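Below is one structure, written out as structure tokens; the observations come after it.
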Amino acid sequence: MAPQNQGTELDLTWISEVQVNQPAVLRRAEQIQTRRTMKKDWQAAWLLKAVTFIDLTTLSGDDTSSNVQRLCYKAKYPIREDLLKALDMQDIGITTAAVCVYPARVCDAVKALKDVGCKIPVASVATGFPAGQTHLKTRLEEIRLAVEDGAKEIDVVINRSLVLTGQWEVLYDEIRQFRKACGNAHLKTILATGELGSLTNVYKASMIAMMAGSDFIKTSTGKEAVNATFPVAIVMVRAIRDFFWKTGKKIGFKPAGGIRTAKDSLAWLSLIKEELGDEWLKPELFRIGASTLLSDIERQDKIHKRAIAQGQRNQSRKD
Amino acid sequence: MAAAAAAAAAAATGAGEAVTGEAATGQSMGKSSVQSIFFSLDYGPAPESPSTALAWLETQGPNLGHFVNGKWLKPDGQGTITCRDPSSGEFLANCFQAKNEDVALAVDVAKRTFEEWSQLSGATRAQHLIRLADAIHKHQKLLWTLESLASGRVVREIRDGDIPLAHQLLQYYACWAQTQEQALSGWQPIGVAVIVLPPTFSFIEMMWRVSPALAVGCTVVVLGSPTSVTSLLVAQLSEESGLPPGVLNVVMGATSLETLLPSLSGVVKISFCGTVEEGKALRKALAGSGADLSLNLGAESLMVITDTADLDSAVEGVVDAVWSDRSSGGLRLLVQMSEWERTLWRLKARMGGLRQGRSLDWGMDMGSPGTSAWEKAQSYIQEAQNQGAQVFQVGNASQKSPFFPPTLVLGLAPASPCTQREVPWPVVVISPFRTAKEALAMINGTPRGGNASVWSERITLALDLAYGVRMGTVWINSHGLKDAVAPVGGCKETGSSWHGGPDGLYEYLWPAGLLPRPVALPEAMDYNKFGLSAPPVLPSGPDTSPPSQTAPYGIFLAGRFQNPSSRSSRPILGSSGTVYAHVAEGGAKDIRTAVEAAHQAAALWVSQAPGKRVSMLWALADALSQRSQVLAEQLTEVMGVGITEAQTEVMLSIARLRAWGARVHAQGAGLHSAGHQGPFLRLREPLGVLAIICPEEWPLLAFVSLLSPALAHGNAVVMVPSGACPLPALQFCQDVASLLPPGLVNVVPGDRDHLTRCLALHQDVPALWYFGSAQGSQFVEWASAGNLKAIWVNGGQSRSWDQEPEGAGPELCLRAARTKTLWLSLGDI
């Protein structure tokens with residue numbers, strides 16, 4: 001795991017001069033989805049790679065130990081063994097990046113993963129997910145309990161009202177306290193960008209979250225009306241890049257919510273490759289929060305067809 | 001040339017990363033290709049199959065012909081040139097190299113067809129355009145693969161940019177055709193138009209021009225180069241969609257237009273896009289031929305990044321401008337000093353992510369436009385380096401690769417000769433500026449007048465810069481947006497022709513009732529001698545005019561009458577043959593002073609409210625009516641016209657001033673929508689300093705008819721009045737002196753040829769109207785090539801200044817201002 005971000009002193013000049021031109025960002029977002037295409041083997045390989053970035057997630061009121069158990073099994077074995085074999089990928093040990101659950105289900109997840117012999121971390125949402133409208137004291141306590149239960153990553157939501165009212169110092173202090181409460185666990189800060197009002201606010205909130213010590217910044221809870229969109233992602237990864245240029249620290253990025261199709265996941269990977277570069281294309285720095293994406297990837301014709309093609313090639317080589 | 005092509009062919013397999021991918025990882029890479037890609041996360045090839053395009057080329061037989069009169073023309077025994085895929089060097093087709101007789105044949109056909117085509121109802125022509133749009137829609141895959149193959153531009157730009165735009169253009173101009181009889185009632189189609197295509201971007205450049213030409217009823221001969229095989233396909237599609245044969249003809253591989261001139265008899269309009277040097281040479285060669293020449297020159301873009309810009313988006317703007325195959329030119333980038341480092345980081349980082357390779361790959365950002373573009377870029381870089389510039393490239397430009405890497409040039413000294421040269425594709429020359437004011441001065445100091453983008457999140461600054469730059473198109477916080485409705489053109493060295501929007505339409509229209517000048521071979525003329533010096537004037541008898549009526553003596557400069565620099569005078573003879581008065585004899589020095597004064601006045605005048613122009617013109621009208629008696633008598637005495645006629649001339653002059661005053665507020669500027677790209681403003685801006693050589697006839701009316709629209713549109717003028725009778729104009733200047741700011745109107749009487757020469761060769765005069773002899777017109781056309789000033793000449797034909805369309809028609813309105821398209825960007829909510 002990447003070293004934890006200890007954060008930096010709050011420097012409001014980093015956000016005071018920011019300019020985000022929304023129409024220009026929208027144009028870039030449109031372009032980024034059409035300028036790169038993966039075909040054949042490339043598509044199969046990129047899709048398998050996408051699997052390794054997934055925070056396999058269940059965040060429902062009716063979650064129980066049984067479906068969490070199934071989730072964990074799926075995290076360990078995300079793609080059918082025969083397909084992996086045909087692609088000669090069975091020894092890579094492809095798993096998802098993590099599983100992500102509510103605090104009350106952390107114990108179930110930790111146990112289930114242990115049972116299947118899987119070492120991936122359990123991520124827990126916390127701090128009054130998804131609205132963040134509870135007292136700071138209970139929000140901090142929630143983090144501590146989740147960490148106690150064995151969560152290695154905490155996905156916290158920020159208090160949107162602090163952004164909308166421009167209380168950046170308070171926001172910084174809150175996240176700082178989240179950081180402390182996490183102890184050794186990684187802090188992933190959900191900005192709930194659909195509720196921040198403007199892209200400029202998205203940039204500012206991203207910067208504050210990174211200065212305060214977030215290891216990841218995450219787009220959404222999946223519960224807002226607008227979830228992970230490309231324009232928002234472009235602004236966030238540009239903030240990550242600026243932070244890296246200023247401090248030398250690499251902060252991770254996690255889009256979440258609304259990413260359902262294999263095609264979407266490819267566009268997200270190429271967005272990271274284009275805007276941040278290959279160094280960010282690893283689970284330590286890039287995650288996709290999703291619940292149904294995995295099954296869509298597994299369904300992809302491309303993987304099947306490439307598996308068959310590869311099988312034939314192997315066969316002919318043997319002959 | 002052949003060696004370069006072979007090198008390109010050899011390199012194509014190695015250079016384009018996309019080309020190598022499939023072969024290497026697909027078969028030969030031992031274990032599992034999926035595994036290796038899984039770890040490297042490289043992009044693979046995403047090729048578009050060229051088979052459709054190749055199949056079409058195959059059907060054409062060994063040689064691609066010309067397309068004339070609705071069928072293929074393949075003359076026997078003529079030389080051919082080879083068209084190759086610039087990114088692989090692969091053979092595509094052999095094109096004929098047109099001879100004069102081929103062009104003459106096409107022109108002849110177009111001339112014959114014009115009779116019928118222009119007589120059709122607008123609605124019928126609209127139908128034809130829509131059917132062509134449908135045909136393009138149906139065969140779009142063939143179009144985009146063929147265009148991408150032949151031009152080396154990435155296929156995605158053609159599919160997503162050119163094809164929809166072509167469709168939109170045909171539809172937009174079909175709308176104009178549909179309502180032509182009402183909306184364009186004062187206009188008629190100009191006649192046969194010859195359109196000369198540039199070697200790159202030929203398909204869309206053709207559509208920009210062909211659509212309005214066909215819509216208004218012109219017939220067209222397109223002269224293409226071997227890279228513009230798509231134009232042949234469009235011609236074939238037009239024939240299949242039912243366009244009458246002969247309306248759209250395409251002739252390939254014609255050499256220089258100068259040598260073709262003898263075969264262009266009957267052509268009225270020549271529209272040329274290419275380089276500045278070619279354009280200037282053509283302007284000189286066609287001087288006096290009578291052809292209406294539209295020039296669209298150069299491809300350099302300009303961009304200003306201020307300290308209030310969204311830098312990341314601005315850097316994407318740079319990619320849009322030069323590194324995405326959307327333009328064939330380079331970029332001059334001005335960056336505010338405080339943002340210098342941050343912009344450079346971002347630019348360099350972004351350049352590393354660009355992908356260059358075969359144009360028919362969906363995942364590429366840039367293709368290869370061919371050897372000549374490669375060499376141009378290389379020579380520019382070398383020169384810049386020699387002059388002390390630093391060059392930053394991702395990878396190196398290697399002779400073996402057809403792909404020229406994106407290039408950044410910095411540290412070029414402002415005075416080095418390289419800064420004057422046009423920046424070629426795919427080069428960005430970046431230089432710092434300190435204040436917005438300095439940036440504006442730097443922009444307006446370049447000879448280019450094409451397009452620019454301004455990046456600032458502060459609306460006051462962004463609009464100020466956008467209004468201030470003298471360019472045809474300005475984008476705020478975006479770069480390279482296009483729409484059929486938005487006019488594209490320019491000023492200065494870019495040439496003052498337009499395509500798109502209503503301005504594109506007027507290129508192919510002529511005022512109804514006026515005959516366009518026929519095209520003929522220009523008369524031989526010694527340009528070095530024309531008007532070189534004014535013939536000496538000697539006293540020739542007693543001055544007979546009553547002292548109360550003589551005009552004030554002097555040259556009207558900067559608001560007052562001044563002694564002529566020549567210190568000599570010219571007698572004006574009355575109709576009886578005796579000397580009626582003496583006027584000052586203006587010369588080169590007076591012209592220089594006048595132009596300077598006009599520039600100063602223009603700079604102040606442009607910021608005044610239009611209402612001020614109204615009151616000024618009306619005040620002039622009032623003042624003129626006070627003088628009507630004296631003026632009428634003067635006209636009778638000198639011109640020998642009857643008193644009623646003279647009175648009519650004065651009355652009409654007063655009416656002109658009032659009419660143009662009333663039109664000040666309705667000059668066709670307005671806000672238009674371009675869908676999701678945001679709105680744009682079509683502005684009508686003053687030309688600046690306008691030089692006007694008035695005709696000999698109608699000494700007062702023609703003077704006022706030309707002066708009023710010029711002032712109404714916010715210009716400052718330097719005028720040469722009628723030589724035979726400059727007195728009324730000078731009389732009128734007394735009122736100008738008391739009513740107008742000094743320098744706005746300057747009147748220099750004297751030897752017309754000499755003064756014409758001074759003005760036409762003046763590098764600081766952006767526009768000139770000439771009404772005089774055929775020879776004078778020819779000289780003005782020739783001399784205008786110097787700074788490519790916008791010109792309007794009469795070719796020695798007289799005009800009925802007392803008639804509405806000729807003396808006060810919309811043509812004057814069109815000529816008295818230039819269009820600017822200002823793209824606003826919105827969408828922050």
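Residue numbering restarts at 1 for every chain of the structure tokens, chains are lettered A, B, ... in their displayed order, and ligands are numbered from 1 as they appear.
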*Up to 9 Å from chain A, what residues of chain B turn up? Count only C-alpha atoms and give them as a PyMOL selection string.*
chain B and resi 25-27+31-46+156+308-314+316-317+349-350+353-354+362-365+456-457+477-478+677-678+825-829
Please produce a file of the residues just selected, as a compact mmCIF listing (two decimals), in the first residue's frame, where the atoms kept are C-alpha atoms.
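Produced file selection-v2.txt, reproduced below:
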```
# COMPACT_ATOMS: atom_id res chain seq x y z
CA THR B 25 1.98 -8.55 -29.89
CA GLY B 26 -0.56 -10.53 -31.86
CA GLN B 27 1.57 -13.37 -33.10
CA LYS B 31 3.38 -16.27 -24.20
CA SER B 32 0.21 -14.30 -23.97
CA SER B 33 -0.50 -11.01 -25.60
CA VAL B 34 -3.28 -10.25 -23.15
CA GLN B 35 -0.86 -10.74 -20.27
CA SER B 36 1.73 -8.37 -21.64
CA ILE B 37 -0.82 -5.68 -22.38
CA PHE B 38 -2.28 -6.23 -18.91
CA PHE B 39 1.03 -5.14 -17.43
CA SER B 40 2.06 -2.49 -19.90
CA LEU B 41 -1.39 -0.95 -20.44
CA ASP B 42 -0.36 0.21 -23.87
CA TYR B 43 -2.85 1.39 -26.43
CA GLY B 44 -3.30 -0.96 -29.34
CA PRO B 45 -4.17 -0.25 -32.91
CA ALA B 46 -7.75 0.67 -33.76
CA ARG B 156 -11.84 10.83 -36.27
CA THR B 308 -6.91 34.79 -15.04
CA ALA B 309 -7.15 31.79 -17.36
CA ASP B 310 -8.06 28.21 -16.55
CA LEU B 311 -4.60 26.98 -17.50
CA ASP B 312 -5.46 23.33 -17.94
CA SER B 313 -8.30 24.17 -20.27
CA ALA B 314 -6.10 26.66 -22.11
CA GLU B 316 -6.33 21.79 -24.14
CA GLY B 317 -7.04 24.78 -26.34
CA ALA B 349 3.21 17.17 -19.79
CA ARG B 350 0.35 17.29 -22.27
CA GLY B 353 0.43 12.16 -24.01
CA LEU B 354 -0.23 12.91 -27.66
CA TRP B 362 -9.27 5.85 -34.38
CA GLY B 363 -6.94 6.29 -31.42
CA MET B 364 -4.58 8.84 -32.94
CA ASP B 365 -4.39 12.56 -32.23
CA SER B 456 -9.45 34.66 -19.17
CA GLU B 457 -12.16 33.97 -16.62
CA ASN B 477 -11.98 30.45 -23.64
CA SER B 478 -12.11 28.01 -26.51
CA GLN B 677 -20.94 25.21 -28.85
CA GLY B 678 -22.43 28.36 -27.39
CA SER B 825 -18.59 30.82 -24.16
CA LEU B 826 -21.17 30.13 -21.56
CA GLY B 827 -22.42 27.18 -19.60
CA ASP B 828 -21.17 27.42 -16.06
CA ILE B 829 -24.41 26.27 -14.49
```
Pick out the residues sitting within 8 Å of Val745 in chain B, and hand them over as a PDB file with N, CA and C atoms, in the first residue's frame; count only C-alpha atoms, and ignore anything fewer than 4 positions along from it in its own chain.
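Dumped everything to selection_7.pdb:
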```
ATOM      1  N   LEU B 557      -6.207  68.575 -43.986  1.00  0.00           N
ATOM      2  CA  LEU B 557      -5.504  67.561 -43.206  1.00  0.00           C
ATOM      3  C   LEU B 557      -5.739  67.803 -41.729  1.00  0.00           C
ATOM      4  N   ALA B 558      -6.019  66.762 -41.016  1.00  0.00           N
ATOM      5  CA  ALA B 558      -6.152  66.836 -39.557  1.00  0.00           C
ATOM      6  C   ALA B 558      -7.046  67.985 -39.130  1.00  0.00           C
ATOM      7  N   GLY B 559      -8.118  68.173 -39.868  1.00  0.00           N
ATOM      8  CA  GLY B 559      -9.119  69.130 -39.432  1.00  0.00           C
ATOM      9  C   GLY B 559      -8.916  70.566 -39.878  1.00  0.00           C
ATOM     10  N   ALA B 598      -5.412  60.311 -39.881  1.00  0.00           N
ATOM     11  CA  ALA B 598      -6.590  59.449 -39.904  1.00  0.00           C
ATOM     12  C   ALA B 598      -6.448  58.317 -38.897  1.00  0.00           C
ATOM     13  N   ALA B 716     -12.196  56.208 -40.471  1.00  0.00           N
ATOM     14  CA  ALA B 716     -11.593  57.505 -40.770  1.00  0.00           C
ATOM     15  C   ALA B 716     -11.166  57.432 -42.235  1.00  0.00           C
ATOM     16  N   VAL B 717     -11.238  58.572 -42.967  1.00  0.00           N
ATOM     17  CA  VAL B 717     -10.988  58.495 -44.401  1.00  0.00           C
ATOM     18  C   VAL B 717      -9.913  59.461 -44.874  1.00  0.00           C
ATOM     19  N   VAL B 718      -9.230  59.019 -45.919  1.00  0.00           N
ATOM     20  CA  VAL B 718      -8.350  59.903 -46.686  1.00  0.00           C
ATOM     21  C   VAL B 718      -8.914  59.889 -48.099  1.00  0.00           C
ATOM     22  N   MET B 719      -9.385  61.039 -48.599  1.00  0.00           N
ATOM     23  CA  MET B 719     -10.086  61.039 -49.883  1.00  0.00           C
ATOM     24  C   MET B 719      -9.355  61.883 -50.914  1.00  0.00           C
ATOM     25  N   VAL B 736     -16.926  70.150 -42.353  1.00  0.00           N
ATOM     26  CA  VAL B 736     -16.279  69.010 -41.693  1.00  0.00           C
ATOM     27  C   VAL B 736     -15.370  69.547 -40.591  1.00  0.00           C
ATOM     28  N   LEU B 740     -16.593  67.891 -37.165  1.00  0.00           N
ATOM     29  CA  LEU B 740     -16.028  66.556 -36.924  1.00  0.00           C
ATOM     30  C   LEU B 740     -14.694  66.651 -36.194  1.00  0.00           C
TER      31      LEU B 740
END
```
*With only C-alpha atoms as the basis for distance, which of B:Arg448, B:Leu264, B:Cys175, B:Ser738 is at the shortest distance from Ala291 in chain B?*
B:Leu264
_Set the distance at 12 Å and use only C-alpha atoms: which residues neighbour Thr259 in chain B once local chain neighbours fewer than 2 positions away are removed? I'd like the list as a PyMOL selection string._
chain B and resi 98-101+103+254-257+261-264+282+285-286+521
Take the selection from the previous step and output its residues with C-alpha atoms, as a PDB file, in the first residue's frame.
```pdb
ATOM      1  CA  ALA B  98      -4.629  19.431 -66.001  1.00  0.00           C
ATOM      2  CA  LYS B  99      -3.622  21.367 -69.069  1.00  0.00           C
ATOM      3  CA  ASN B 100      -5.014  24.716 -70.039  1.00  0.00           C
ATOM      4  CA  GLU B 101      -7.474  23.127 -72.456  1.00  0.00           C
ATOM      5  CA  VAL B 103      -9.556  23.994 -67.552  1.00  0.00           C
ATOM      6  CA  ALA B 254      -3.621  22.271 -62.272  1.00  0.00           C
ATOM      7  CA  THR B 255      -0.323  24.040 -61.823  1.00  0.00           C
ATOM      8  CA  SER B 256      -0.138  27.739 -61.183  1.00  0.00           C
ATOM      9  CA  LEU B 257      -3.152  29.885 -61.780  1.00  0.00           C
ATOM     10  CA  LEU B 261      -5.273  32.717 -66.963  1.00  0.00           C
ATOM     11  CA  PRO B 262      -5.850  32.485 -70.731  1.00  0.00           C
ATOM     12  CA  SER B 263      -8.243  29.581 -70.158  1.00  0.00           C
ATOM     13  CA  LEU B 264     -10.293  31.428 -67.569  1.00  0.00           C
ATOM     14  CA  LEU B 282      -1.673  35.686 -57.617  1.00  0.00           C
ATOM     15  CA  ALA B 285      -0.759  38.345 -61.669  1.00  0.00           C
ATOM     16  CA  LEU B 286      -4.508  38.862 -61.778  1.00  0.00           C
ATOM     17  CA  LEU B 521      -6.051  39.048 -70.053  1.00  0.00           C
TER      18      LEU B 521
END
```
_So that I can see what lies close to Leu739 in chain B, please list as a list in words the residues with an atom at most 12 Å from it, counting only C-alpha atoms and leaving out residues fewer than 4 positions away in the same chain._
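Contacts, with the query itself left out: Gly559, Arg560, Lys612, Arg613, Ser615, Met616, Leu617, Trp618, Ala619, Leu620, Ala621, Asp622, Ala623, Leu624, Phe732, Cys733, Gln734, Asp735, Gly743, Leu744 and Val745 of chain B.
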_Set the distance at 9 Å and use only C-alpha atoms: which residues neighbour Trp280 in chain A once local chain neighbours fewer than 4 positions away are removed? I'd like the list as a list in words._
Lys250, Ile251, Gly252, Phe253, Ile272, Lys273, Leu276, Glu284, Leu285 and Phe286 of chain A
Spatial neighbours of Ala181 in chain A, max dist 12 Å, only C-alpha atoms, sep filter under 2 positions, as an mmCIF file with N, CA and C atoms, in the first residue's frame:
```
data_model
loop_
_atom_site.group_PDB
_atom_site.id
_atom_site.type_symbol
_atom_site.label_atom_id
_atom_site.label_comp_id
_atom_site.auth_asym_id
_atom_site.auth_seq_id
_atom_site.Cartn_x
_atom_site.Cartn_y
_atom_site.Cartn_z
ATOM 1 N N ALA A 126 -18.113 5.804 6.151
ATOM 2 C CA ALA A 126 -18.295 6.296 7.518
ATOM 3 C C ALA A 126 -18.691 7.761 7.499
ATOM 4 N N THR A 127 -18.729 8.337 8.676
ATOM 5 C CA THR A 127 -19.070 9.741 8.911
ATOM 6 C C THR A 127 -20.452 10.127 8.380
ATOM 7 N N LEU A 136 -20.207 15.907 14.537
ATOM 8 C CA LEU A 136 -18.816 15.565 14.281
ATOM 9 C C LEU A 136 -18.358 14.448 15.221
ATOM 10 N N LYS A 137 -18.829 14.540 16.468
ATOM 11 C CA LYS A 137 -18.403 13.568 17.461
ATOM 12 C C LYS A 137 -18.786 12.148 17.040
ATOM 13 N N THR A 138 -20.037 11.991 16.614
ATOM 14 C CA THR A 138 -20.471 10.644 16.210
ATOM 15 C C THR A 138 -19.785 10.228 14.926
ATOM 16 N N ARG A 139 -19.498 11.188 14.065
ATOM 17 C CA ARG A 139 -18.827 10.839 12.809
ATOM 18 C C ARG A 139 -17.427 10.291 13.093
ATOM 19 N N LEU A 140 -16.734 10.940 14.032
ATOM 20 C CA LEU A 140 -15.394 10.481 14.366
ATOM 21 C C LEU A 140 -15.448 9.103 15.032
ATOM 22 N N GLU A 141 -16.435 8.946 15.895
ATOM 23 C CA GLU A 141 -16.573 7.675 16.596
ATOM 24 C C GLU A 141 -16.830 6.548 15.592
ATOM 25 N N GLU A 142 -17.606 6.878 14.577
ATOM 26 C CA GLU A 142 -17.942 5.887 13.545
ATOM 27 C C GLU A 142 -16.669 5.371 12.870
ATOM 28 N N ILE A 143 -15.744 6.306 12.591
ATOM 29 C CA ILE A 143 -14.489 5.908 11.961
ATOM 30 C C ILE A 143 -13.722 4.974 12.891
ATOM 31 N N ARG A 144 -13.614 5.372 14.125
ATOM 32 C CA ARG A 144 -12.817 4.571 15.070
ATOM 33 C C ARG A 144 -13.362 3.156 15.168
ATOM 34 N N LEU A 145 -14.685 3.040 15.250
ATOM 35 C CA LEU A 145 -15.289 1.716 15.392
ATOM 36 C C LEU A 145 -15.032 0.856 14.163
ATOM 37 N N ALA A 146 -15.141 1.480 12.994
ATOM 38 C CA ALA A 146 -14.925 0.718 11.761
ATOM 39 C C ALA A 146 -13.482 0.224 11.701
ATOM 40 N N VAL A 147 -12.559 1.070 12.102
ATOM 41 C CA VAL A 147 -11.151 0.670 12.092
ATOM 42 C C VAL A 147 -10.937 -0.457 13.097
ATOM 43 N N GLU A 148 -11.572 -0.308 14.256
ATOM 44 C CA GLU A 148 -11.477 -1.365 15.278
ATOM 45 C C GLU A 148 -11.962 -2.694 14.731
ATOM 46 N N GLU A 153 -9.542 0.671 5.092
ATOM 47 C CA GLU A 153 -9.768 1.909 4.358
ATOM 48 C C GLU A 153 -11.090 2.492 4.797
ATOM 49 N N ILE A 154 -11.093 3.792 4.988
ATOM 50 C CA ILE A 154 -12.336 4.441 5.407
ATOM 51 C C ILE A 154 -12.752 5.453 4.347
ATOM 52 N N VAL A 156 -14.846 8.389 3.854
ATOM 53 C CA VAL A 156 -15.646 9.363 4.597
ATOM 54 C C VAL A 156 -16.339 10.328 3.644
ATOM 55 N N GLU A 174 -11.940 19.409 9.963
ATOM 56 C CA GLU A 174 -12.755 18.188 10.088
ATOM 57 C C GLU A 174 -12.039 16.999 9.460
ATOM 58 N N ILE A 175 -11.571 17.187 8.224
ATOM 59 C CA ILE A 175 -10.926 16.062 7.534
ATOM 60 C C ILE A 175 -9.637 15.668 8.264
ATOM 61 N N ARG A 176 -8.967 16.682 8.773
ATOM 62 C CA ARG A 176 -7.772 16.452 9.586
ATOM 63 C C ARG A 176 -8.112 15.499 10.742
ATOM 64 N N GLN A 177 -9.255 15.759 11.372
ATOM 65 C CA GLN A 177 -9.657 14.896 12.493
ATOM 66 C C GLN A 177 -10.031 13.505 12.011
ATOM 67 N N PHE A 178 -10.661 13.438 10.832
ATOM 68 C CA PHE A 178 -10.963 12.117 10.241
ATOM 69 C C PHE A 178 -9.657 11.351 10.066
ATOM 70 N N ARG A 179 -8.678 12.057 9.539
ATOM 71 C CA ARG A 179 -7.368 11.457 9.284
ATOM 72 C C ARG A 179 -6.813 10.821 10.563
ATOM 73 N N GLY A 183 -6.215 6.438 12.103
ATOM 74 C CA GLY A 183 -5.015 5.733 12.538
ATOM 75 C C GLY A 183 -4.227 5.242 11.356
ATOM 76 N N ASN A 184 -4.058 3.915 11.254
ATOM 77 C CA ASN A 184 -3.279 3.373 10.142
ATOM 78 C C ASN A 184 -4.117 3.093 8.901
ATOM 79 N N ALA A 185 -5.412 3.217 9.055
ATOM 80 C CA ALA A 185 -6.258 2.957 7.890
ATOM 81 C C ALA A 185 -6.145 4.100 6.879
ATOM 82 N N HIS A 186 -6.402 3.746 5.600
ATOM 83 C CA HIS A 186 -6.338 4.778 4.562
ATOM 84 C C HIS A 186 -7.597 5.624 4.565
ATOM 85 N N LEU A 187 -7.410 6.895 4.297
ATOM 86 C CA LEU A 187 -8.557 7.809 4.278
ATOM 87 C C LEU A 187 -8.939 8.131 2.838
ATOM 88 N N GLY A 213 -4.915 15.536 4.300
ATOM 89 C CA GLY A 213 -4.355 14.205 4.508
ATOM 90 C C GLY A 213 -5.145 13.046 3.914
#
```
*Would you list, as an MDAnalysis selection string, the residues of range 195-254 of chain A that end up in alpha helix (DSSP H) under DSSP run on this structure's backbone?*
chainID A and resid 199:211 230:247
*Could you tell me how far CA of Gly79 in chain B lies from CA of Thr59 in chain B, in Å and to one decimal?*
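These two atoms are separated by 20.2 Å.
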*Shell of 9 Å around Thr230 in chain B, only C-alpha atoms, local chain residues under 5 positions omitted, as number ranges by chain*: B: 143-144, 146-147, 150, 202-203, 235
*Return the single residue from A:Leu266, A:Val170, A:Ile288, A:Ala309 that is closest to Ile158 in chain A, with distances computed using only C-alpha atoms.*
A:Val170
